[in-house]
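Presented below is the structure to which this report refers.
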Amino acid sequence: EVAPPQVGEVRLKILYTALCHTDVFFWEAKGQNPLFPRILGHEAGGIVESVGEGVTDLKAGDHVLPVFTGECKECRHCKSEGSNLCELLRINTDRGVMLSDGKSRFSIKGKPIFHFVGTSTFSEYTVVHRGCAVKINPLAPLDKVCILSCGISTGLGATLNVAKPKKGSSVAVFGLGAVGLAAAEGARIAGASRIIGVDLHPDRIKEGRKFGVTELVNPKDHKKPIQEVIADMTDGGVDRSVECTGNVDCMISAFECVHDGWGVAVIVGVPQKDAVFKTNPMNFLNGRTLKGTFFGNYKPRSDLPGVVEQYMNKELEV
């Protein structure tokens with residue numbers, strides 16, 4: 001049973017939902033405080049079924065993407081130009097209830113079932129905070145744009161909004177899963193002339209070429225560290241790198257493979273909670289920059305409708 005939406009909430013009919021590796025990670029109870037029973041799922045598209053009290057910007061029938069990190073539009077982070085880490089609605093993996101009353105909207109025979117990151121899209125109906133529902137163009141095919149609510153936007157934004165490669169530059173992308181392919185797509189859109197994919201699976205170059213990857217480097221094929229291999233390939237290092245694996249050794253390689261003086265590395269993957277990043281401080285002193293990003297630095301309600309339009313205008317491959 002899915003209860004009606006309360007103050008500031010909307011109930012959605014989920015039409016399409018994708019499986020993100022993060023769902024598997026939490027299903028396996030790795031790296032967090034296990035909270036069960038709960039309904040997982042956070043990468044989806046649906047239609048507003050009903051709205052709670054005080055909701056004026058959404059109505060029944062609107063097409064929306066539920067997003068695991070919201071935008072209240074009122075806190076310091078939402079009002080800042082540089083942050084999308086909403087104080088009220090940023091991702092919270094431990095909370096399994098709604099903010100308004102501390103209760104769940106899901107139940108079976110009266111027993112509550114916990115929510116997951118404010119979305120719980122593995123259900124035909126779900127209830128989300130209004131700030132976590134992004135209204136989009138109703139003509140956009142939800143079976144395609146649903147993945148913009150997590151993985152694609154995360155990788156795409158990491159490149160376009162944070163790494164910001166210049167036209168004609170070189171970019172290395174570590175990990176060619178969905179997020180990494182989206183990061184490569186961002187490099188392609190930005191006009192990078194060389195997009196080097198780093199992956200242990202050589203067959204991923206086939207998929208990678210669709211998204212602009214020009215060559216693949218497999219660390220298994222080399223005896224020396226991959227950062228040295230890339231530096232040799234690119235006359236001292238790439239201009240930008242984007243790390244999409246969550247493996248701390250890959251993070252170090254991604255940072256150390258960028259060119260001194262101007263190279264920028266962006267960390268996207270989420271590491272194990274006890275992971276430690278180690279590098280020689282001279283790498284920083286020599287002009288390399290290390291950045292992190294969350295959800296590609298997109299503000300969900302403000303920015304995602306525009307990303308959907310990029311797809312509709314055939315400017316973006318998903």
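Chains: A, B, ... in order of the structure tokens. Residues: from 1 per chain. Ligands: from 1, in order shown.
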
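The environment of A:Leu65 within 9 Å, counting only C-alpha atoms and disregarding residues fewer than 3 places along the same chain, consists of Glu43, Ala44, Gly45, Gly46, Ile47, Cys132, Ala133, Val134, Lys135, Ile136, Leu142, Val145, Cys146, Leu148, Ser149 and Leu304 of chain A.
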
With N, CA, C and O atoms retained, export the selected residues as an mmCIF file, in the first residue's frame.
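File written: part.cif
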```cif
data_model
loop_
_atom_site.group_PDB
_atom_site.id
_atom_site.type_symbol
_atom_site.label_atom_id
_atom_site.label_comp_id
_atom_site.auth_asym_id
_atom_site.auth_seq_id
_atom_site.Cartn_x
_atom_site.Cartn_y
_atom_site.Cartn_z
ATOM 1 N N GLU A 43 16.598 5.459 -10.331
ATOM 2 C CA GLU A 43 16.859 5.966 -11.684
ATOM 3 C C GLU A 43 15.614 5.664 -12.512
ATOM 4 O O GLU A 43 15.429 4.542 -12.968
ATOM 5 N N ALA A 44 14.746 6.681 -12.669
ATOM 6 C CA ALA A 44 13.421 6.356 -13.195
ATOM 7 C C ALA A 44 12.734 7.543 -13.857
ATOM 8 O O ALA A 44 13.209 8.680 -13.804
ATOM 9 N N GLY A 45 11.589 7.242 -14.472
ATOM 10 C CA GLY A 45 10.730 8.263 -15.062
ATOM 11 C C GLY A 45 9.289 7.902 -14.797
ATOM 12 O O GLY A 45 8.920 6.723 -14.783
ATOM 13 N N GLY A 46 8.456 8.913 -14.549
ATOM 14 C CA GLY A 46 7.062 8.619 -14.257
ATOM 15 C C GLY A 46 6.160 9.818 -14.441
ATOM 16 O O GLY A 46 6.561 10.844 -14.999
ATOM 17 N N ILE A 47 4.924 9.669 -13.950
ATOM 18 C CA ILE A 47 3.894 10.704 -14.080
ATOM 19 C C ILE A 47 3.320 11.003 -12.705
ATOM 20 O O ILE A 47 3.112 10.087 -11.893
ATOM 21 N N CYS A 132 12.345 16.710 -5.082
ATOM 22 C CA CYS A 132 13.050 15.589 -5.716
ATOM 23 C C CYS A 132 12.336 15.114 -6.980
ATOM 24 O O CYS A 132 12.660 14.054 -7.521
ATOM 25 N N ALA A 133 11.360 15.888 -7.444
ATOM 26 C CA ALA A 133 10.634 15.549 -8.664
ATOM 27 C C ALA A 133 10.879 16.641 -9.699
ATOM 28 O O ALA A 133 10.501 17.793 -9.495
ATOM 29 N N VAL A 134 11.529 16.273 -10.796
ATOM 30 C CA VAL A 134 11.901 17.233 -11.831
ATOM 31 C C VAL A 134 10.904 17.157 -12.987
ATOM 32 O O VAL A 134 10.805 16.131 -13.663
ATOM 33 N N LYS A 135 10.173 18.231 -13.209
ATOM 34 C CA LYS A 135 9.201 18.278 -14.298
ATOM 35 C C LYS A 135 9.938 18.447 -15.619
ATOM 36 O O LYS A 135 10.788 19.329 -15.763
ATOM 37 N N ILE A 136 9.612 17.586 -16.601
ATOM 38 C CA ILE A 136 10.303 17.620 -17.895
ATOM 39 C C ILE A 136 9.313 17.706 -19.051
ATOM 40 O O ILE A 136 8.093 17.568 -18.861
ATOM 41 N N LEU A 142 10.135 8.563 -21.797
ATOM 42 C CA LEU A 142 10.589 8.262 -20.440
ATOM 43 C C LEU A 142 11.469 7.013 -20.369
ATOM 44 O O LEU A 142 12.306 6.891 -19.479
ATOM 45 N N VAL A 145 14.939 8.769 -21.283
ATOM 46 C CA VAL A 145 15.468 9.842 -20.426
ATOM 47 C C VAL A 145 15.463 9.487 -18.941
ATOM 48 O O VAL A 145 16.027 10.218 -18.137
ATOM 49 N N CYS A 146 14.867 8.357 -18.579
ATOM 50 C CA CYS A 146 14.881 7.980 -17.150
ATOM 51 C C CYS A 146 16.311 7.875 -16.619
ATOM 52 O O CYS A 146 16.564 8.204 -15.456
ATOM 53 N N LEU A 148 18.696 9.746 -17.213
ATOM 54 C CA LEU A 148 19.268 11.065 -16.938
ATOM 55 C C LEU A 148 19.107 11.430 -15.467
ATOM 56 O O LEU A 148 19.731 12.374 -14.979
ATOM 57 N N SER A 149 18.270 10.686 -14.733
ATOM 58 C CA SER A 149 18.046 11.013 -13.326
ATOM 59 C C SER A 149 19.167 10.524 -12.414
ATOM 60 O O SER A 149 19.135 10.754 -11.209
ATOM 61 N N LEU A 304 18.182 19.801 -15.011
ATOM 62 C CA LEU A 304 17.851 18.568 -15.735
ATOM 63 C C LEU A 304 16.876 18.767 -16.901
ATOM 64 O O LEU A 304 17.025 18.110 -17.944
#
```

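The shell of residues at most 7 Å from A:Pro165, with only C-alpha atoms counted and near chain neighbours (fewer than 2 positions) removed, consists of Ala163, Lys167, Ser169, Ala187, Ala190, Ala192 and Arg240 of chain A.
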
Could I get the residues of stretch 109-204 of chain A with an atom no further than 12 Å from an atom of stretch 246-253 of chain A, each paired with its nearest atom pair and that distance in Å to one decimal, using only C-alpha atoms, sorted by chain and residue number, as a tab-separated table?
```
residue	atom	partner	partner_atom	distance
A:Ala172	CA	A:Ser253	CA	10.5
A:Val173	CA	A:Cys250	CA	10.3
A:Phe174	CA	A:Cys250	CA	7.0
A:Gly175	CA	A:Cys250	CA	8.8
A:Gly177	CA	A:Gly246	CA	11.6
A:Val179	CA	A:Gly246	CA	11.2
A:Gly180	CA	A:Gly246	CA	11.3
A:Val198	CA	A:Cys250	CA	9.4
A:Asp199	CA	A:Cys250	CA	10.2
A:Leu200	CA	A:Cys250	CA	11.5
```

>> Report, in Å with one decimal, the straight-line distance from atom CA of A:Val117 to atom CA of A:Ala182.
In response: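 Atom CA of A:Ala182 lies at a distance of 22.4 Å from atom CA of A:Val117.
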
>> Residues of stretch 78-305 of chain A classed as alpha helix (DSSP H) by DSSP on the backbone are to be reported as a PyMOL selection string.
In response: chain A and resi 78-79+142-145+151-157+178-190+204-210+226-233+248-256+282-285+300-305

> From the set A:Phe122, A:Phe116, A:Gly151, A:Glu49, which residue has the shortest atom-to-atom contact distance to A:His21, counting only C-alpha atoms?
Replying inline: A:Gly151
